[in-house]
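Q: structure05.cif is reproduced in full below (mmCIF, N, CA and C atoms and all ligand atoms).
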data_my_file
#
loop_
_atom_site.label_atom_id
_atom_site.label_comp_id
_atom_site.auth_asym_id
_atom_site.auth_seq_id
_atom_site.Cartn_x
_atom_site.Cartn_y
_atom_site.Cartn_z
N ALA A 41 0.85 -1.22 0.00
CA ALA A 41 0.00 0.00 0.00
C ALA A 41 0.87 1.25 0.00
N GLY A 42 0.25 2.38 -0.02
CA GLY A 42 0.98 3.64 -0.04
C GLY A 42 0.80 4.32 -1.37
N ASN A 43 1.63 5.32 -1.63
CA ASN A 43 1.54 5.97 -2.94
C ASN A 43 2.79 5.67 -3.76
N ARG A 44 2.86 6.29 -4.95
CA ARG A 44 3.85 5.85 -5.91
C ARG A 44 4.80 6.97 -6.33
N THR A 45 6.01 6.58 -6.68
CA THR A 45 6.93 7.50 -7.31
C THR A 45 7.51 6.82 -8.56
N PHE A 46 8.17 7.62 -9.39
CA PHE A 46 8.78 7.09 -10.60
C PHE A 46 10.28 7.36 -10.52
N THR A 47 11.09 6.37 -10.93
CA THR A 47 12.53 6.55 -10.93
C THR A 47 13.15 6.05 -12.23
N MET A 48 14.32 6.58 -12.52
CA MET A 48 15.17 6.02 -13.59
C MET A 48 16.57 5.88 -13.02
N ILE A 49 17.19 4.71 -13.25
CA ILE A 49 18.63 4.57 -13.05
C ILE A 49 19.22 5.05 -14.37
N LYS A 50 19.98 6.16 -14.31
CA LYS A 50 20.38 6.87 -15.52
C LYS A 50 21.57 6.20 -16.22
N PRO A 51 21.86 6.60 -17.48
CA PRO A 51 22.90 5.92 -18.26
C PRO A 51 24.26 5.82 -17.56
N ASP A 52 24.65 6.84 -16.80
CA ASP A 52 25.96 6.79 -16.13
C ASP A 52 26.04 5.62 -15.15
N ALA A 53 24.99 5.44 -14.35
CA ALA A 53 24.99 4.38 -13.33
C ALA A 53 24.86 2.99 -13.97
N VAL A 54 24.10 2.91 -15.08
CA VAL A 54 23.99 1.63 -15.81
C VAL A 54 25.36 1.27 -16.39
N GLU A 55 26.03 2.24 -17.03
CA GLU A 55 27.36 2.00 -17.63
C GLU A 55 28.36 1.50 -16.61
N LYS A 56 28.27 2.02 -15.39
CA LYS A 56 29.25 1.67 -14.35
C LYS A 56 28.89 0.38 -13.61
N GLY A 57 27.77 -0.26 -13.98
CA GLY A 57 27.41 -1.54 -13.36
C GLY A 57 26.74 -1.43 -12.01
N HIS A 58 26.06 -0.31 -11.76
CA HIS A 58 25.46 -0.09 -10.44
C HIS A 58 23.98 -0.45 -10.34
N ILE A 59 23.39 -1.06 -11.38
CA ILE A 59 21.95 -1.38 -11.32
C ILE A 59 21.63 -2.22 -10.08
N GLY A 60 22.38 -3.29 -9.88
CA GLY A 60 22.07 -4.21 -8.77
C GLY A 60 22.17 -3.54 -7.42
N ALA A 61 23.24 -2.79 -7.19
CA ALA A 61 23.44 -2.13 -5.88
C ALA A 61 22.34 -1.10 -5.62
N ILE A 62 21.95 -0.37 -6.64
CA ILE A 62 20.91 0.66 -6.47
C ILE A 62 19.56 0.00 -6.18
N LEU A 63 19.22 -1.06 -6.93
CA LEU A 63 17.94 -1.75 -6.68
C LEU A 63 17.93 -2.37 -5.29
N ASP A 64 19.08 -2.88 -4.85
CA ASP A 64 19.20 -3.46 -3.51
C ASP A 64 18.89 -2.42 -2.44
N GLN A 65 19.44 -1.22 -2.61
CA GLN A 65 19.21 -0.15 -1.63
C GLN A 65 17.75 0.31 -1.66
N ILE A 66 17.15 0.33 -2.85
CA ILE A 66 15.72 0.69 -2.98
C ILE A 66 14.85 -0.34 -2.25
N ASN A 67 15.14 -1.62 -2.47
CA ASN A 67 14.39 -2.69 -1.79
C ASN A 67 14.57 -2.63 -0.29
N ALA A 68 15.81 -2.46 0.15
CA ALA A 68 16.12 -2.43 1.58
C ALA A 68 15.45 -1.24 2.27
N SER A 69 15.10 -0.21 1.51
CA SER A 69 14.47 0.98 2.08
C SER A 69 12.95 0.88 2.07
N GLY A 70 12.41 -0.28 1.68
CA GLY A 70 10.97 -0.52 1.85
C GLY A 70 10.09 -0.19 0.67
N PHE A 71 10.68 0.05 -0.49
CA PHE A 71 9.87 0.32 -1.68
C PHE A 71 9.51 -0.99 -2.36
N ARG A 72 8.25 -1.09 -2.82
CA ARG A 72 7.80 -2.23 -3.62
C ARG A 72 7.88 -1.85 -5.09
N ILE A 73 8.41 -2.74 -5.93
CA ILE A 73 8.50 -2.46 -7.36
C ILE A 73 7.16 -2.78 -8.02
N VAL A 74 6.55 -1.75 -8.59
CA VAL A 74 5.24 -1.85 -9.25
C VAL A 74 5.43 -2.16 -10.74
N ALA A 75 6.47 -1.56 -11.34
CA ALA A 75 6.78 -1.74 -12.77
C ALA A 75 8.27 -1.51 -12.92
N MET A 76 8.91 -2.23 -13.90
CA MET A 76 10.33 -2.01 -14.12
C MET A 76 10.77 -2.54 -15.49
N LYS A 77 11.65 -1.77 -16.16
CA LYS A 77 12.23 -2.27 -17.41
C LYS A 77 13.55 -1.57 -17.75
N LEU A 78 14.40 -2.27 -18.54
CA LEU A 78 15.58 -1.68 -19.16
C LEU A 78 15.13 -1.14 -20.52
N THR A 79 15.41 0.13 -20.77
CA THR A 79 14.94 0.76 -22.00
C THR A 79 15.89 1.89 -22.36
N GLN A 80 15.78 2.40 -23.58
CA GLN A 80 16.60 3.55 -23.97
C GLN A 80 15.69 4.64 -24.52
N MET A 81 15.83 5.84 -24.00
CA MET A 81 14.99 6.96 -24.46
C MET A 81 15.52 7.47 -25.80
N THR A 82 14.61 7.79 -26.71
CA THR A 82 14.98 8.47 -27.95
C THR A 82 15.12 9.96 -27.64
N THR A 83 15.68 10.72 -28.58
CA THR A 83 15.78 12.17 -28.40
C THR A 83 14.39 12.77 -28.18
N ALA A 84 13.41 12.35 -28.97
CA ALA A 84 12.05 12.86 -28.81
C ALA A 84 11.49 12.51 -27.43
N ASP A 85 11.75 11.29 -26.96
CA ASP A 85 11.30 10.89 -25.61
C ASP A 85 11.87 11.84 -24.55
N ALA A 86 13.19 12.06 -24.62
CA ALA A 86 13.86 12.87 -23.59
C ALA A 86 13.39 14.32 -23.66
N GLU A 87 13.20 14.84 -24.86
CA GLU A 87 12.73 16.22 -25.00
C GLU A 87 11.32 16.38 -24.41
N THR A 88 10.50 15.36 -24.56
CA THR A 88 9.15 15.39 -23.99
C THR A 88 9.19 15.21 -22.47
N PHE A 89 9.95 14.21 -22.03
CA PHE A 89 10.02 13.92 -20.59
C PHE A 89 10.53 15.13 -19.81
N TYR A 90 11.53 15.82 -20.37
CA TYR A 90 12.15 16.96 -19.68
C TYR A 90 11.68 18.31 -20.21
N ALA A 91 10.51 18.35 -20.84
CA ALA A 91 10.00 19.59 -21.46
C ALA A 91 10.00 20.78 -20.49
N VAL A 92 9.76 20.51 -19.21
CA VAL A 92 9.76 21.58 -18.20
C VAL A 92 11.12 22.29 -18.11
N HIS A 93 12.18 21.62 -18.54
CA HIS A 93 13.53 22.20 -18.48
C HIS A 93 14.00 22.78 -19.82
N LYS A 94 13.11 22.91 -20.82
CA LYS A 94 13.60 23.20 -22.18
C LYS A 94 14.26 24.56 -22.35
N GLU A 95 13.97 25.51 -21.46
CA GLU A 95 14.64 26.82 -21.54
C GLU A 95 15.94 26.89 -20.73
N ARG A 96 16.25 25.81 -20.00
CA ARG A 96 17.46 25.82 -19.17
C ARG A 96 18.70 25.66 -20.04
N PRO A 97 19.83 26.27 -19.60
CA PRO A 97 21.06 26.18 -20.39
C PRO A 97 21.59 24.75 -20.54
N PHE A 98 21.21 23.87 -19.62
CA PHE A 98 21.73 22.49 -19.65
C PHE A 98 20.81 21.53 -20.40
N PHE A 99 19.74 22.04 -21.04
CA PHE A 99 18.75 21.15 -21.66
C PHE A 99 19.36 20.23 -22.72
N GLY A 100 20.18 20.79 -23.62
CA GLY A 100 20.78 19.98 -24.68
C GLY A 100 21.67 18.88 -24.12
N GLU A 101 22.46 19.26 -23.14
CA GLU A 101 23.37 18.31 -22.47
C GLU A 101 22.56 17.20 -21.76
N LEU A 102 21.45 17.60 -21.14
CA LEU A 102 20.59 16.64 -20.44
C LEU A 102 19.99 15.62 -21.41
N VAL A 103 19.52 16.09 -22.56
CA VAL A 103 18.93 15.19 -23.56
C VAL A 103 20.00 14.25 -24.13
N GLU A 104 21.19 14.80 -24.43
CA GLU A 104 22.32 13.98 -24.92
C GLU A 104 22.65 12.87 -23.93
N PHE A 105 22.78 13.27 -22.68
CA PHE A 105 23.14 12.32 -21.62
C PHE A 105 22.09 11.23 -21.46
N MET A 106 20.83 11.63 -21.36
CA MET A 106 19.77 10.66 -21.04
C MET A 106 19.47 9.70 -22.19
N THR A 107 19.95 10.02 -23.40
CA THR A 107 19.71 9.14 -24.55
C THR A 107 20.94 8.34 -24.95
N ARG A 108 22.06 8.50 -24.25
CA ARG A 108 23.30 7.88 -24.73
C ARG A 108 23.41 6.38 -24.46
N GLY A 109 22.54 5.84 -23.64
CA GLY A 109 22.55 4.41 -23.35
C GLY A 109 21.30 4.03 -22.60
N PRO A 110 21.18 2.73 -22.28
CA PRO A 110 19.97 2.28 -21.59
C PRO A 110 19.84 2.84 -20.17
N ILE A 111 18.60 2.89 -19.73
CA ILE A 111 18.23 3.27 -18.36
C ILE A 111 17.38 2.14 -17.79
N VAL A 112 17.24 2.12 -16.47
CA VAL A 112 16.21 1.30 -15.84
C VAL A 112 15.11 2.25 -15.39
N ALA A 113 13.91 2.07 -15.93
CA ALA A 113 12.75 2.85 -15.52
C ALA A 113 11.94 2.00 -14.55
N ALA A 114 11.41 2.62 -13.50
CA ALA A 114 10.62 1.85 -12.53
C ALA A 114 9.60 2.74 -11.82
N ILE A 115 8.50 2.12 -11.45
CA ILE A 115 7.50 2.74 -10.57
C ILE A 115 7.63 2.04 -9.22
N LEU A 116 7.69 2.83 -8.16
CA LEU A 116 7.90 2.31 -6.81
C LEU A 116 6.76 2.73 -5.90
N GLU A 117 6.41 1.86 -4.95
CA GLU A 117 5.30 2.14 -4.03
C GLU A 117 5.75 2.02 -2.58
N LYS A 118 5.29 2.96 -1.78
CA LYS A 118 5.62 3.00 -0.34
C LYS A 118 4.76 4.11 0.27
N GLU A 119 4.52 4.06 1.56
CA GLU A 119 3.93 5.22 2.24
C GLU A 119 4.84 6.40 1.99
N ASN A 120 4.30 7.57 1.64
CA ASN A 120 5.11 8.78 1.47
C ASN A 120 6.22 8.60 0.42
N ALA A 121 5.90 7.90 -0.68
CA ALA A 121 6.91 7.46 -1.65
C ALA A 121 7.74 8.59 -2.24
N VAL A 122 7.11 9.67 -2.68
CA VAL A 122 7.85 10.73 -3.37
C VAL A 122 8.91 11.35 -2.46
N GLU A 123 8.49 11.76 -1.28
CA GLU A 123 9.41 12.43 -0.35
C GLU A 123 10.47 11.45 0.16
N ASP A 124 10.07 10.24 0.54
CA ASP A 124 11.04 9.28 1.07
C ASP A 124 12.06 8.87 0.01
N PHE A 125 11.62 8.79 -1.25
CA PHE A 125 12.57 8.42 -2.30
C PHE A 125 13.57 9.54 -2.54
N ARG A 126 13.11 10.78 -2.49
CA ARG A 126 14.04 11.91 -2.68
C ARG A 126 15.06 11.98 -1.54
N THR A 127 14.64 11.60 -0.34
CA THR A 127 15.59 11.52 0.78
C THR A 127 16.62 10.41 0.51
N LEU A 128 16.14 9.28 0.01
CA LEU A 128 17.03 8.14 -0.27
C LEU A 128 18.06 8.46 -1.35
N ILE A 129 17.67 9.23 -2.38
CA ILE A 129 18.62 9.51 -3.47
C ILE A 129 19.55 10.67 -3.13
N GLY A 130 19.11 11.62 -2.33
CA GLY A 130 19.97 12.76 -1.96
C GLY A 130 19.85 13.91 -2.94
N ALA A 131 20.57 14.99 -2.66
CA ALA A 131 20.49 16.22 -3.45
C ALA A 131 20.88 16.00 -4.91
N THR A 132 20.34 16.84 -5.80
CA THR A 132 20.62 16.76 -7.24
C THR A 132 22.12 16.77 -7.51
N ASN A 133 22.83 17.67 -6.84
CA ASN A 133 24.29 17.73 -6.98
C ASN A 133 24.92 16.79 -5.95
N PRO A 134 25.64 15.76 -6.41
CA PRO A 134 26.20 14.78 -5.44
C PRO A 134 27.11 15.41 -4.40
N GLU A 135 27.69 16.57 -4.72
CA GLU A 135 28.53 17.27 -3.72
C GLU A 135 27.72 17.72 -2.52
N ASP A 136 26.41 17.94 -2.73
CA ASP A 136 25.52 18.38 -1.65
C ASP A 136 24.74 17.22 -1.04
N ALA A 137 24.87 16.02 -1.60
CA ALA A 137 24.07 14.87 -1.16
C ALA A 137 24.59 14.32 0.17
N ALA A 138 23.65 13.92 1.03
CA ALA A 138 24.01 13.37 2.35
C ALA A 138 24.75 12.04 2.20
N GLU A 139 25.59 11.77 3.18
CA GLU A 139 26.33 10.51 3.26
C GLU A 139 25.36 9.33 3.20
N GLY A 140 25.70 8.30 2.41
CA GLY A 140 24.87 7.10 2.35
C GLY A 140 23.77 7.16 1.30
N THR A 141 23.49 8.35 0.76
CA THR A 141 22.45 8.44 -0.26
C THR A 141 22.96 7.85 -1.59
N ILE A 142 22.01 7.49 -2.45
CA ILE A 142 22.37 6.86 -3.72
C ILE A 142 23.23 7.80 -4.57
N ARG A 143 22.88 9.08 -4.61
CA ARG A 143 23.69 10.01 -5.42
C ARG A 143 25.07 10.22 -4.80
N LYS A 144 25.15 10.27 -3.47
CA LYS A 144 26.48 10.42 -2.84
C LYS A 144 27.38 9.25 -3.24
N LYS A 145 26.80 8.06 -3.30
CA LYS A 145 27.61 6.86 -3.57
C LYS A 145 27.92 6.67 -5.06
N TYR A 146 26.96 7.01 -5.93
CA TYR A 146 27.09 6.60 -7.33
C TYR A 146 27.11 7.72 -8.37
N ALA A 147 26.76 8.95 -7.99
CA ALA A 147 26.70 10.03 -8.98
C ALA A 147 28.06 10.68 -9.16
N SER A 148 28.33 11.17 -10.37
CA SER A 148 29.62 11.81 -10.60
C SER A 148 29.52 13.33 -10.72
N SER A 149 28.36 13.88 -11.07
CA SER A 149 28.21 15.34 -11.21
C SER A 149 26.73 15.70 -11.16
N VAL A 150 26.44 17.01 -11.17
CA VAL A 150 25.05 17.46 -11.14
C VAL A 150 24.28 16.99 -12.38
N GLY A 151 24.96 16.86 -13.50
CA GLY A 151 24.32 16.39 -14.72
C GLY A 151 24.20 14.87 -14.71
N GLU A 152 25.31 14.20 -14.46
CA GLU A 152 25.34 12.73 -14.46
C GLU A 152 25.15 12.25 -13.03
N ASN A 153 23.89 12.30 -12.59
CA ASN A 153 23.63 12.10 -11.17
C ASN A 153 22.92 10.80 -10.82
N ALA A 154 23.14 9.77 -11.65
CA ALA A 154 22.84 8.36 -11.34
C ALA A 154 21.36 7.97 -11.31
N VAL A 155 20.51 8.79 -10.71
CA VAL A 155 19.09 8.41 -10.58
C VAL A 155 18.17 9.63 -10.68
N HIS A 156 16.94 9.34 -11.08
CA HIS A 156 15.86 10.33 -11.08
C HIS A 156 14.85 9.95 -10.01
N GLY A 157 14.23 10.94 -9.41
CA GLY A 157 13.08 10.70 -8.54
C GLY A 157 12.05 11.79 -8.78
N SER A 158 10.78 11.42 -8.94
CA SER A 158 9.71 12.40 -9.17
C SER A 158 9.65 13.41 -8.03
N ASP A 159 9.25 14.65 -8.37
CA ASP A 159 9.20 15.71 -7.34
C ASP A 159 7.81 15.95 -6.77
N SER A 160 6.79 15.24 -7.26
CA SER A 160 5.43 15.38 -6.71
C SER A 160 4.61 14.15 -7.08
N ASP A 161 3.50 13.94 -6.38
CA ASP A 161 2.62 12.82 -6.71
C ASP A 161 2.08 12.98 -8.13
N GLU A 162 1.75 14.22 -8.51
CA GLU A 162 1.22 14.47 -9.85
C GLU A 162 2.25 14.12 -10.92
N ASN A 163 3.49 14.56 -10.74
CA ASN A 163 4.53 14.23 -11.73
C ASN A 163 4.87 12.74 -11.71
N ALA A 164 4.79 12.10 -10.56
CA ALA A 164 5.03 10.65 -10.49
C ALA A 164 4.05 9.91 -11.40
N ALA A 165 2.79 10.32 -11.37
CA ALA A 165 1.77 9.68 -12.20
C ALA A 165 2.02 9.95 -13.69
N ILE A 166 2.37 11.20 -14.01
CA ILE A 166 2.64 11.56 -15.41
C ILE A 166 3.87 10.80 -15.93
N GLU A 167 4.94 10.78 -15.15
CA GLU A 167 6.19 10.14 -15.57
C GLU A 167 6.03 8.62 -15.66
N GLY A 168 5.31 8.02 -14.72
CA GLY A 168 5.08 6.58 -14.77
C GLY A 168 4.29 6.20 -16.01
N ALA A 169 3.26 6.99 -16.33
CA ALA A 169 2.42 6.72 -17.49
C ALA A 169 3.17 6.97 -18.81
N PHE A 170 4.20 7.83 -18.76
CA PHE A 170 5.03 8.07 -19.95
C PHE A 170 5.78 6.80 -20.34
N HIS A 171 6.24 6.06 -19.35
CA HIS A 171 7.09 4.88 -19.59
C HIS A 171 6.36 3.55 -19.58
N PHE A 172 5.20 3.47 -18.94
CA PHE A 172 4.56 2.16 -18.76
C PHE A 172 3.08 2.18 -19.13
N ALA A 173 2.64 1.08 -19.76
CA ALA A 173 1.22 0.85 -19.99
C ALA A 173 0.62 0.25 -18.71
N GLY A 174 -0.66 0.39 -18.55
CA GLY A 174 -1.35 -0.14 -17.36
C GLY A 174 -1.06 -1.62 -17.13
N ARG A 175 -0.97 -2.41 -18.21
CA ARG A 175 -0.75 -3.85 -18.03
C ARG A 175 0.66 -4.19 -17.58
N GLU A 176 1.57 -3.19 -17.58
CA GLU A 176 2.94 -3.41 -17.10
C GLU A 176 3.09 -3.03 -15.62
N MET A 177 2.01 -2.56 -15.00
CA MET A 177 2.05 -2.15 -13.60
C MET A 177 1.39 -3.23 -12.75
N PHE A 178 2.05 -3.65 -11.67
CA PHE A 178 1.57 -4.77 -10.86
C PHE A 178 1.42 -4.40 -9.39
P1 LIG A 201 16.66 15.28 -12.26
O1 LIG A 201 16.31 16.12 -11.09
O2 LIG A 201 16.44 13.83 -12.24
O3 LIG A 201 15.95 15.90 -13.55
C1 LIG A 201 16.45 17.12 -14.12
C2 LIG A 201 17.90 16.90 -14.40
O4 LIG A 201 18.59 18.00 -14.99
C3 LIG A 201 18.66 16.68 -13.10
O5 LIG A 201 18.25 15.47 -12.55
C4 LIG A 201 20.08 16.74 -13.60
O6 LIG A 201 20.47 15.53 -14.19
C5 LIG A 201 19.96 17.79 -14.68
N1 LIG A 201 20.52 19.05 -14.21
C6 LIG A 201 20.04 19.84 -13.24
N2 LIG A 201 20.83 20.91 -13.05
C7 LIG A 201 21.85 20.78 -13.94
C8 LIG A 201 22.99 21.56 -14.26
N3 LIG A 201 23.24 22.70 -13.60
N4 LIG A 201 23.81 21.11 -15.22
C9 LIG A 201 23.54 19.97 -15.89
N5 LIG A 201 22.47 19.18 -15.63
C10 LIG A 201 21.64 19.59 -14.67
#
Let's see the structure in the file written out as structure tokens.
Ligand code: CMP

A:
Amino acid sequence: AGNRTFTMIKPDAVEKGHIGAILDQINASGFRIVAMKLTQMTTADAETFYAVHKERPFFGELVEFMTRGPIVAAILEKENAVEDFRTLIGATNPEDAAEGTIRKKYASSVGENAVHGSDSDENAAIEGAFHFAGREMF
């Protein structure tokens, strides 16, 4: 039970072989996996997913990065999922992330920051529906 958040293990963390360790930490922190897949975003996918950032100076770099290799996309369920998951992953910039958080352990920079976590229940629903059909959610 509980509510849902959406996450991606980003191309940098997949390239470095951190999928297993990150999923282990997610499981150990009490999240249930509702949906999950290895996939690669197209340029059009990334431009749509990150449309809210399209005027930012880093938008082009963000789209390049997020499309350069496969990601793990997942929907996670837990009481207070959005906020608790953001605590688990740590600050966007790994230099500011708390000790023990996923970004502190696995992220290399503010751009290549290992994982995504939705910032609201509304965005969690939008982002989850972007990546998964209803029949892929359990
Ligand atoms: P996330 O919060 O998952 O989604 C937006 C992403 O934009 C963020 O992770 C970072 O990967 C990226 N981002 C945010 N700020 C910067 C920045 N200053 N330079 C490059 N990328 C950034």

Q: What are the closest atom pairs, with distances in Å to one decimal, for each residue of chain A lying within 12 Å of ligand LIG 201 (chain A), using only C-alpha atoms and all ligand atoms, rows by chain and rising residue number, as a tab-separated table?

A:
residue	atom	partner	partner_atom	distance
A:Phe46	CA	A:LIG201	O2	10.3
A:Thr47	CA	A:LIG201	O2	8.4
A:Met48	CA	A:LIG201	O2	8.0
A:Ile49	CA	A:LIG201	O2	9.5
A:Lys50	CA	A:LIG201	O2	8.6
A:Pro51	CA	A:LIG201	O6	10.7
A:Asp52	CA	A:LIG201	O6	10.5
A:Ala86	CA	A:LIG201	O3	10.7
A:Glu87	CA	A:LIG201	C1	11.5
A:Phe89	CA	A:LIG201	O3	9.4
A:Tyr90	CA	A:LIG201	C1	7.0
A:Ala91	CA	A:LIG201	C1	10.1
A:Val92	CA	A:LIG201	C1	9.0
A:His93	CA	A:LIG201	C1	7.3
A:Lys94	CA	A:LIG201	O4	10.2
A:Glu95	CA	A:LIG201	O4	11.7
A:Arg96	CA	A:LIG201	C7	8.5
A:Pro97	CA	A:LIG201	N4	7.7
A:Phe98	CA	A:LIG201	C9	4.9
A:Phe99	CA	A:LIG201	N5	7.4
A:Gly100	CA	A:LIG201	C9	9.2
A:Glu101	CA	A:LIG201	C9	6.8
A:Leu102	CA	A:LIG201	N5	5.8
A:Val103	CA	A:LIG201	O4	9.0
A:Glu104	CA	A:LIG201	N5	10.6
A:Phe105	CA	A:LIG201	O6	8.5
A:Met106	CA	A:LIG201	O6	8.4
A:Phe125	CA	A:LIG201	O2	12.0
A:Arg126	CA	A:LIG201	O1	9.7
A:Ile129	CA	A:LIG201	O2	10.0
A:Gly130	CA	A:LIG201	O1	10.4
A:Ala131	CA	A:LIG201	O1	8.7
A:Thr132	CA	A:LIG201	O1	5.8
A:Asn133	CA	A:LIG201	N2	7.7
A:Pro134	CA	A:LIG201	C4	10.4
A:Arg143	CA	A:LIG201	O5	10.5
A:Ala147	CA	A:LIG201	O6	9.8
A:Ser148	CA	A:LIG201	O6	10.5
A:Ser149	CA	A:LIG201	C9	8.1
A:Val150	CA	A:LIG201	C10	5.4
A:Gly151	CA	A:LIG201	N5	3.5
A:Glu152	CA	A:LIG201	O6	5.6
A:Asn153	CA	A:LIG201	O6	5.6
A:Ala154	CA	A:LIG201	O6	8.1
A:Val155	CA	A:LIG201	O2	6.3
A:His156	CA	A:LIG201	O2	3.7
A:Gly157	CA	A:LIG201	O2	5.9
A:Ser158	CA	A:LIG201	O2	7.5
A:Asp159	CA	A:LIG201	O1	8.0
A:Ser160	CA	A:LIG201	O1	11.8
A:Asn163	CA	A:LIG201	O3	11.7
A:Ala164	CA	A:LIG201	O2	12.0
A:Glu167	CA	A:LIG201	O2	11.4

Q: Based on DSSP run over this structure's backbone, return all residues of chain A in strand (DSSP E or B), as a list in words.

A: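 Residues meeting the strand (DSSP E or B) criterion: Asn43, Arg44, Thr45, Phe46, Thr47, Met48, Ile49, Arg72, Ile73, Val74, Ala75, Met76, Lys77, Leu78, Thr79, Ile111, Val112, Ala113, Ala114, Ile115, Leu116, Glu117, Lys118, Val155, His156 and Gly157 of chain A.
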
Q: Enumerate, as a PyMOL selection string, the complete set of residues in chain A that a backbone-based DSSP assignment places in helix (DSSP H, G or I).

A: chain A and resi 51-55+59-68+83-89+91-93+99-107+121-129+134-136+142-146+161-171+174-176

Q: When you count only C-alpha atoms, which of these residues is closest to Asn120 of chain A: A:Gln65, A:Ala53, A:Glu135, A:Asp161?

A: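 Closest candidate: A:Asp161.
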
Q: Please provide the set of residues having any atom within 8 Å of Ala114 of chain A, restricted to only N, CA and C atoms, with same-chain residues fewer than 2 positions apart removed, written as a VMD selection string.

A: chain A and resid 45 to 49 73 to 78 111 to 112 116 to 117 167 to 168 171

Q: If you count only C-alpha atoms, which residues fall within 10 Å of Arg72 of chain A, apart from same-chain ones fewer than 6 positions away, as a JSON list (two decimals) with N, CA and C atoms, keeping the file's coordinate frame?

A:
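Dumped to out_39.json:
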[["chain", "number", "residue", "atom", "x", "y", "z"],
["A", 41, "ALA", "N", 0.85, -1.22, 0.00],
["A", 41, "ALA", "CA", 0.00, 0.00, 0.00],
["A", 41, "ALA", "C", 0.87, 1.25, 0.00],
["A", 42, "GLY", "N", 0.25, 2.38, -0.02],
["A", 42, "GLY", "CA", 0.98, 3.64, -0.04],
["A", 42, "GLY", "C", 0.80, 4.32, -1.37],
["A", 44, "ARG", "N", 2.86, 6.29, -4.95],
["A", 44, "ARG", "CA", 3.85, 5.85, -5.91],
["A", 44, "ARG", "C", 4.80, 6.97, -6.33],
["A", 66, "ILE", "N", 17.15, 0.33, -2.85],
["A", 66, "ILE", "CA", 15.72, 0.69, -2.98],
["A", 66, "ILE", "C", 14.85, -0.34, -2.25],
["A", 115, "ILE", "N", 8.50, 2.12, -11.45],
["A", 115, "ILE", "CA", 7.50, 2.74, -10.57],
["A", 115, "ILE", "C", 7.63, 2.04, -9.22],
["A", 116, "LEU", "N", 7.69, 2.83, -8.16],
["A", 116, "LEU", "CA", 7.90, 2.31, -6.81],
["A", 116, "LEU", "C", 6.76, 2.73, -5.90],
["A", 117, "GLU", "N", 6.41, 1.86, -4.95],
["A", 117, "GLU", "CA", 5.30, 2.14, -4.03],
["A", 117, "GLU", "C", 5.75, 2.02, -2.58],
["A", 118, "LYS", "N", 5.29, 2.96, -1.78],
["A", 118, "LYS", "CA", 5.62, 3.00, -0.34],
["A", 118, "LYS", "C", 4.76, 4.11, 0.27],
["A", 121, "ALA", "N", 5.90, 7.90, -0.68],
["A", 121, "ALA", "CA", 6.91, 7.46, -1.65],
["A", 121, "ALA", "C", 7.74, 8.59, -2.24],
["A", 178, "PHE", "N", 2.05, -3.65, -11.67],
["A", 178, "PHE", "CA", 1.57, -4.77, -10.86],
["A", 178, "PHE", "C", 1.42, -4.40, -9.39]]

Q: Just the number, please: distance in Å from atom CA of Val122 of chain A to atom CA of Glu162 of chain A, one decimal.

A: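 Separation between atom CA of Val122 of chain A and atom CA of Glu162 of chain A: 10.0 Å.
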
Q: Quick one, how far is atom N of Phe71 of chain A from atom CA of Gly109 of chain A?

A: 26.1 Å

Q: Can you tell me how far atom CA of Met177 of chain A sits from atom CA of Met81 of chain A, in Å to one decimal?

A: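 A separation of 19.2 Å between them.
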
Q: Go through A:Ala165, A:Ile142, A:Phe172, A:Thr127 and flag the residue nearest His58 of chain A, using only C-alpha atoms for the distances.

A: A:Ile142

Q: Please determine an axis-aligned box that encloses all atoms of segment 111-121 of chain A listed in the file, with 6 Å added on each side, and express its centre and edge lengths in Å to one decimal as AutoDock Vina command-line options.

A:
--center_x 11.3 --center_y 5.0 --center_z -8.7 --size_x 26.7 --size_y 19.5 --size_z 34.0
